[in-house]
$ cat run_26.txt   # compact mmCIF, C-alpha atoms
# COMPACT_ATOMS: atom_id res chain seq x y z
CA MET A 1 1.67 -29.24 33.45
CA THR A 2 -0.49 -26.16 33.89
CA LEU A 3 -3.91 -26.31 32.31
CA ALA A 4 -6.02 -23.33 31.34
CA LEU A 5 -9.81 -23.41 31.44
CA VAL A 6 -11.43 -22.06 28.30
CA THR A 7 -15.10 -21.99 27.41
CA ASP A 8 -17.06 -22.22 24.19
CA ASP A 9 -20.00 -19.77 24.24
CA MET A 10 -19.79 -19.93 28.04
CA THR A 11 -21.49 -23.33 28.05
CA THR A 12 -18.80 -25.97 27.60
CA GLY A 13 -15.67 -26.07 29.72
CA VAL A 14 -12.63 -27.43 27.88
CA LEU A 15 -9.24 -28.06 29.41
CA LYS A 16 -6.60 -26.87 27.03
CA THR A 17 -2.87 -26.25 27.22
CA THR A 18 -2.04 -22.77 25.97
CA ASP A 19 0.47 -22.12 23.19
CA GLY A 20 2.65 -20.23 25.64
CA GLU A 21 2.82 -23.21 27.98
CA ARG A 22 3.67 -25.59 25.15
CA LYS A 23 6.44 -23.31 23.94
CA SER A 24 7.85 -22.99 27.46
CA ARG A 25 7.92 -26.77 27.91
CA THR A 26 9.52 -27.26 24.50
CA LYS A 27 12.16 -24.62 25.22
CA LEU A 28 12.97 -26.24 28.58
CA TYR A 29 13.20 -29.68 26.97
CA TRP A 30 15.76 -28.58 24.39
CA LYS A 31 17.71 -26.63 26.99
CA ARG A 32 18.07 -29.81 29.03
CA ARG A 33 19.11 -31.72 25.91
CA ARG A 34 21.87 -29.18 25.28
CA GLU A 35 22.96 -29.33 28.91
CA ALA A 36 23.19 -33.12 28.73
CA LEU A 37 25.27 -32.93 25.56
CA SER A 38 27.53 -30.15 26.81
CA ALA A 39 30.01 -32.49 28.50
CA VAL A 40 30.46 -34.75 25.47
CA ALA A 41 29.71 -32.50 22.49
CA LEU A 42 33.29 -31.62 21.53
CA GLU A 43 34.47 -35.20 21.88
CA ARG A 44 31.63 -36.51 19.71
CA LEU A 45 32.29 -33.90 17.05
CA ALA A 46 36.02 -34.65 17.07
CA ASP A 47 35.31 -38.36 16.62
CA LEU A 48 33.37 -37.47 13.48
CA GLY A 49 36.09 -35.15 12.20
CA ILE A 50 34.20 -31.94 12.94
CA GLU A 51 36.38 -29.26 14.50
CA PHE A 52 35.80 -25.55 14.91
CA PRO A 53 38.40 -23.35 13.15
CA VAL A 54 39.36 -21.57 16.36
CA VAL A 55 42.45 -19.47 16.97
CA ALA A 56 43.87 -19.79 20.48
CA GLY A 57 40.75 -21.74 21.41
CA THR A 58 38.20 -19.07 20.50
CA MET A 59 36.45 -17.30 17.63
CA THR A 60 35.34 -13.67 17.34
CA ILE A 61 31.87 -12.52 16.29
CA PRO A 62 32.79 -12.02 12.59
CA GLU A 63 34.45 -15.43 12.53
CA VAL A 64 31.42 -17.12 14.11
CA CYS A 65 29.05 -15.43 11.66
CA ASP A 66 31.23 -16.48 8.74
CA TYR A 67 31.50 -20.07 9.99
CA PHE A 68 27.75 -20.53 10.41
CA SER A 69 26.83 -18.23 7.49
CA ILE A 70 24.55 -16.14 9.67
CA SER A 71 24.06 -12.42 10.18
CA ARG A 72 25.53 -10.53 13.09
CA SER A 73 22.03 -9.70 14.33
CA THR A 74 21.14 -13.41 14.46
CA LEU A 75 24.19 -14.13 16.60
CA THR A 76 23.50 -11.10 18.79
CA ASN A 77 19.95 -12.28 19.43
CA ILE A 78 21.21 -15.74 20.42
CA ALA A 79 23.80 -14.24 22.77
CA ARG A 80 21.10 -12.09 24.38
CA GLN A 81 18.46 -14.80 24.75
CA TYR A 82 20.80 -17.59 25.86
CA TYR A 83 23.33 -15.46 27.73
CA GLU A 84 23.66 -17.56 30.89
CA GLU A 85 23.85 -20.82 28.97
CA LEU A 86 26.59 -19.48 26.71
CA ILE A 87 28.52 -17.97 29.63
CA GLU A 88 28.64 -21.40 31.26
CA ALA A 89 29.92 -22.81 27.97
CA GLY A 90 32.79 -20.34 27.78
CA TYR A 91 31.26 -17.36 26.00
CA MET A 92 33.28 -14.24 26.79
CA PRO A 93 31.49 -10.90 26.26
CA GLY A 94 33.72 -8.19 24.91
CA SER A 95 34.78 -4.90 26.42
CA VAL A 96 36.19 -1.62 25.20
CA THR A 97 39.61 -3.21 24.77
CA GLN A 98 38.72 -6.85 24.13
CA PRO A 99 36.50 -8.38 21.42
CA THR A 100 33.74 -10.83 22.25
CA ARG A 101 34.95 -14.41 22.00
CA TYR A 102 33.27 -17.79 21.72
CA SER A 103 34.97 -20.90 23.06
CA GLU A 104 34.63 -24.20 21.22
CA LEU A 105 31.95 -25.37 23.63
CA ALA A 106 30.06 -22.09 23.27
CA LEU A 107 30.21 -22.59 19.50
CA ALA A 108 28.71 -26.05 19.94
CA HIS A 109 25.86 -24.51 21.91
CA VAL A 110 25.30 -21.88 19.24
CA ALA A 111 25.13 -24.69 16.68
CA MET A 112 22.56 -26.54 18.78
CA ILE A 113 20.47 -23.39 19.26
CA LEU A 114 20.40 -22.25 15.63
CA ARG A 115 17.56 -23.38 13.41
CA PRO A 116 18.85 -25.93 10.90
CA SER A 117 17.09 -23.99 8.15
CA THR A 118 19.17 -20.94 9.09
CA SER A 119 22.60 -22.55 8.94
CA ASP A 120 23.69 -25.64 7.03
CA GLN A 121 26.77 -25.93 9.24
CA ALA A 122 24.61 -25.89 12.37
CA MET A 123 22.45 -28.62 10.83
CA ILE A 124 25.53 -30.79 10.23
CA ILE A 125 26.59 -30.37 13.87
CA GLN A 126 23.08 -31.06 15.16
CA LYS A 127 22.92 -34.28 13.16
CA ALA A 128 26.34 -35.30 14.48
CA LEU A 129 25.16 -34.73 18.06
CA GLY A 130 21.82 -36.45 17.53
CA ILE A 131 19.89 -33.29 18.31
CA TYR A 132 18.69 -32.46 14.81
CA ARG A 133 14.95 -32.00 14.41
CA ALA A 134 13.51 -31.65 10.94
CA PRO A 135 10.96 -28.82 10.75
CA ARG A 136 7.44 -30.14 10.33
CA GLY A 137 6.16 -29.37 6.87
CA ALA A 138 8.79 -26.68 6.51
CA VAL A 139 9.99 -25.43 3.16
CA LYS A 140 13.65 -24.51 2.86
CA VAL A 141 13.69 -20.74 2.61
CA HIS A 142 17.14 -20.21 1.13
CA ASN A 143 16.41 -19.31 -2.47
CA GLN A 144 18.59 -16.71 -4.14
CA SER A 145 17.27 -17.20 -7.66
CA GLY A 146 16.91 -14.03 -9.68
CA ALA A 147 13.14 -14.32 -9.89
CA HIS A 148 12.71 -14.83 -6.15
CA VAL A 149 15.04 -11.97 -5.27
CA LYS A 150 13.11 -9.73 -7.66
CA VAL A 151 9.84 -10.65 -5.95
CA CYS A 152 11.36 -9.96 -2.53
CA GLY A 153 12.57 -6.56 -3.73
CA ARG A 154 9.03 -5.72 -4.79
CA VAL A 155 7.68 -6.88 -1.43
CA LEU A 156 10.16 -4.65 0.41
CA ASP A 157 8.96 -1.68 -1.63
CA GLU A 158 5.38 -2.60 -0.73
CA ALA A 159 6.34 -2.92 2.94
CA TYR A 160 7.73 0.62 2.96
CA LYS A 161 4.58 1.79 1.21
CA LEU A 162 2.36 0.03 3.75
CA VAL A 163 4.15 1.80 6.61
CA SER A 164 3.18 5.14 5.06
CA GLU A 165 -0.34 4.08 4.11
CA ILE A 166 -1.29 2.89 7.60
CA ARG A 167 -0.27 6.30 8.95
CA GLU A 168 -1.71 8.50 6.24
CA ASP A 169 -4.65 6.67 4.63
CA ASP A 170 -7.95 5.26 5.86
CA PRO A 171 -7.14 2.08 7.89
CA GLU A 172 -10.27 0.42 6.51
CA GLU A 173 -9.07 0.89 2.94
CA VAL A 174 -5.65 -0.49 3.86
CA TRP A 175 -7.31 -3.56 5.39
CA LYS A 176 -9.47 -4.12 2.32
CA ALA A 177 -6.39 -3.99 0.10
CA LEU A 178 -4.66 -6.61 2.25
CA GLU A 179 -7.71 -8.89 2.04
CA LYS A 180 -7.09 -9.21 -1.70
CA ARG A 181 -3.67 -10.79 -1.14
CA ASN A 182 -3.14 -14.53 -0.89
CA ARG A 183 -1.64 -16.22 2.15
CA HIS A 184 1.90 -16.46 0.78
CA GLU A 185 1.98 -12.78 -0.16
CA LEU A 186 0.81 -11.84 3.34
CA GLN A 187 3.41 -14.09 4.97
CA VAL A 188 6.25 -12.61 2.91
CA LEU A 189 5.02 -9.10 3.65
CA THR A 190 4.83 -9.89 7.37
CA VAL A 191 8.39 -11.23 7.41
CA ALA A 192 9.59 -8.15 5.50
CA LEU A 193 7.95 -5.76 7.95
CA ALA A 194 9.29 -7.69 10.96
CA ALA A 195 12.79 -7.69 9.48
CA LEU A 196 12.68 -3.93 8.99
CA VAL A 197 12.03 -3.31 12.69
CA PRO A 198 15.20 -2.54 14.72
CA ASN A 199 14.40 -4.72 17.74
CA ASP A 200 17.36 -3.43 19.74
CA ARG A 201 15.93 0.08 19.99
CA GLY A 202 13.32 1.54 22.28
CA GLY A 203 10.19 3.43 21.37
CA LEU A 204 8.94 0.95 18.79
CA ARG A 205 5.37 1.27 20.06
CA ALA A 206 5.41 5.04 20.38
CA TRP A 207 3.24 5.77 17.34
CA LEU A 208 0.59 3.20 18.31
CA ALA A 209 0.65 4.38 21.92
CA GLU A 210 0.12 7.95 20.76
CA ILE A 211 -3.01 6.85 18.91
CA GLY A 212 -4.18 4.87 21.95
CA LEU A 213 -3.81 7.86 24.26
CA GLY A 214 -6.36 9.71 22.16
CA ILE A 215 -8.95 6.94 22.50
CA HIS A 216 -11.11 6.48 25.60
CA SER A 217 -10.25 3.07 27.02
CA ASP A 218 -9.57 1.60 30.45
CA ALA A 219 -6.84 -0.61 29.01
CA GLN A 220 -3.33 0.17 30.25
CA ASN A 221 -1.62 -0.97 27.04
CA LYS A 222 -2.18 2.12 24.91
CA ALA A 223 -0.21 0.66 22.00
CA ALA A 224 -2.69 -2.24 21.90
CA VAL A 225 -5.57 0.25 21.98
CA GLY A 226 -3.98 2.05 19.05
CA LEU A 227 -3.61 -1.18 17.09
CA ALA A 228 -7.22 -2.13 17.85
CA SER A 229 -8.32 1.11 16.21
CA LEU A 230 -6.54 0.18 12.99
CA VAL A 231 -7.60 -3.44 12.47
CA PRO A 232 -10.99 -5.16 12.72
CA SER A 233 -11.60 -8.02 15.14
CA ARG A 234 -12.02 -11.59 13.90
CA GLN A 235 -15.73 -11.31 14.66
CA GLN A 236 -16.05 -8.17 12.55
CA VAL A 237 -14.27 -9.84 9.65
CA SER A 238 -16.55 -12.89 9.76
CA GLU A 239 -19.75 -10.84 9.88
$ encode --input "run_26.txt" --output "structure tokens"
Amino acid sequence: MTLALVTDDMTTGVLKTTDGERKSRTKLYWKRRREALSAVALERLADLGIEFPVVAGTMTIPEVCDYFSISRSTLTNIARQYYEELIEAGYMPGSVTQPTRYSELALAHVAMILRPSTSDQAMIIQKALGIYRAPRGAVKVHNQSGAHVKVCGRVLDEAYKLVSEIREDDPEEVWKALEKRNRHELQVLTVALAALVPNDRGGLRAWLAEIGLGIHSDAQNKAAVGLASLVPSRQQVSE
């Protein structure tokens, strides 16, 4: 385990594991769990009467998305992040003439990778394989009630508006307006903004980098410099 030395007011040395290190260890742990289950997953599922509705031993992307009730982008992100693992499990990337196909074992791995809150079918498979982990203090997010959908529609409108305001208005005024919102409103707005970003395209930081280039700073990350010019530091907020 790698430990990072952090200090409090430069007087007290405290050994602390960083969030990044904890996440890396957790990711490695679950990867090893999936690897250990890979050889027996299909047999265990069959014993419990769980079978994938494959045709000729595989499923296409639309079929996988329909089976797990997930979006295509969710499946694409999994295929990108866990590419080597899925390849070993029988994942077959498509070509100009052939569609992408997932073998039964690759489907089992997708089920083990998915968050149980994202897919009820994945949760069923995880429980069957003994790999299910209940989110700590999590609230089930699937809520399609009319009132909730109406609120989310309003938040999306506000997200679009915020994109314009941060570019056209005084950043300080935008920050003050956000301070008036409660935690839940800010979380929903954050998720909305993140969901609106096309993460498979380049140039996402271009606007911030353009701002950063116009500010004198030795920092190489000009997008970060641009962001720093738009938001106050924690110290400034607490003053």
$ closest_residue --input "run_26.txt" --among "A:Arg34, A:Val64, A:Glu43, A:Val174" --to "Ile113 (chain A)" --atoms "all atoms listed in the file"
A:Arg34
$ residues_around --input "run_26.txt" --residues "Met112 (chain A)" --least-positions-apart "6" --cutoff "12 Å" --atoms "all atoms listed in the file" --output "compact mmCIF listing (two decimals) with C-alpha atoms, keeping the file's coordinate frame"
# COMPACT_ATOMS: atom_id res chain seq x y z
CA TRP A 30 15.76 -28.58 24.39
CA LYS A 31 17.71 -26.63 26.99
CA ARG A 32 18.07 -29.81 29.03
CA ARG A 33 19.11 -31.72 25.91
CA ARG A 34 21.87 -29.18 25.28
CA GLU A 35 22.96 -29.33 28.91
CA ALA A 36 23.19 -33.12 28.73
CA LEU A 37 25.27 -32.93 25.56
CA SER A 38 27.53 -30.15 26.81
CA ALA A 41 29.71 -32.50 22.49
CA PHE A 68 27.75 -20.53 10.41
CA ILE A 78 21.21 -15.74 20.42
CA TYR A 82 20.80 -17.59 25.86
CA GLU A 85 23.85 -20.82 28.97
CA LEU A 86 26.59 -19.48 26.71
CA LEU A 105 31.95 -25.37 23.63
CA ALA A 106 30.06 -22.09 23.27
CA THR A 118 19.17 -20.94 9.09
CA SER A 119 22.60 -22.55 8.94
CA ASP A 120 23.69 -25.64 7.03
CA GLN A 121 26.77 -25.93 9.24
CA ALA A 122 24.61 -25.89 12.37
CA MET A 123 22.45 -28.62 10.83
CA ILE A 124 25.53 -30.79 10.23
CA ILE A 125 26.59 -30.37 13.87
CA GLN A 126 23.08 -31.06 15.16
CA LYS A 127 22.92 -34.28 13.16
CA ALA A 128 26.34 -35.30 14.48
CA LEU A 129 25.16 -34.73 18.06
CA GLY A 130 21.82 -36.45 17.53
CA ILE A 131 19.89 -33.29 18.31
CA TYR A 132 18.69 -32.46 14.81
CA ARG A 133 14.95 -32.00 14.41
$ closest_residue --input "run_26.txt" --among "A:Thr97, A:Asn221, A:Thr60, A:Gln187" --to "Arg72 (chain A)" --atoms "all atoms listed in the file"
A:Thr60
$ closest_residue --input "run_26.txt" --among "A:Lys27, A:Glu51, A:Ile215, A:Ala224" --to "Gln81 (chain A)" --atoms "only C-alpha atoms"
A:Lys27
$ atom_distance --input "run_26.txt" --atom1 "CA of Ala159 (chain A)" --atom2 "CA of Leu193 (chain A)"
6.0 Å
$ atom_distance --input "run_26.txt" --atom1 "CA of Glu84 (chain A)" --atom2 "CA of Tyr29 (chain A)"
16.5 Å
$ residues_near_point --input "run_26.txt" --point "(32.3, -13.7, 26.3)" --cutoff "10 Å" --atoms "all atoms listed in the file" --output "list of chain:residue names"
A:Thr58, A:Thr60, A:Ala79, A:Tyr83, A:Leu86, A:Ile87, A:Glu88, A:Ala89, A:Gly90, A:Tyr91, A:Met92, A:Pro93, A:Gly94, A:Ser95, A:Gln98, A:Pro99, A:Thr100, A:Arg101, A:Tyr102, A:Ser103, A:Ala106
$ residues_around --input "run_26.txt" --residues "Leu208 (chain A)" --least-positions-apart "2" --cutoff "6 Å" --atoms "all atoms listed in the file" --output "PyMOL selection string"
chain A and resi 205-206+210-211+223+226
$ closest_residue --input "run_26.txt" --among "A:Ala147, A:Leu186, A:Ala56, A:Leu213" --to "Leu162 (chain A)" --atoms "only C-alpha atoms"
A:Leu186
$ atom_distance --input "run_26.txt" --atom1 "CA of Ser117 (chain A)" --atom2 "CA of Arg22 (chain A)"
21.7 Å
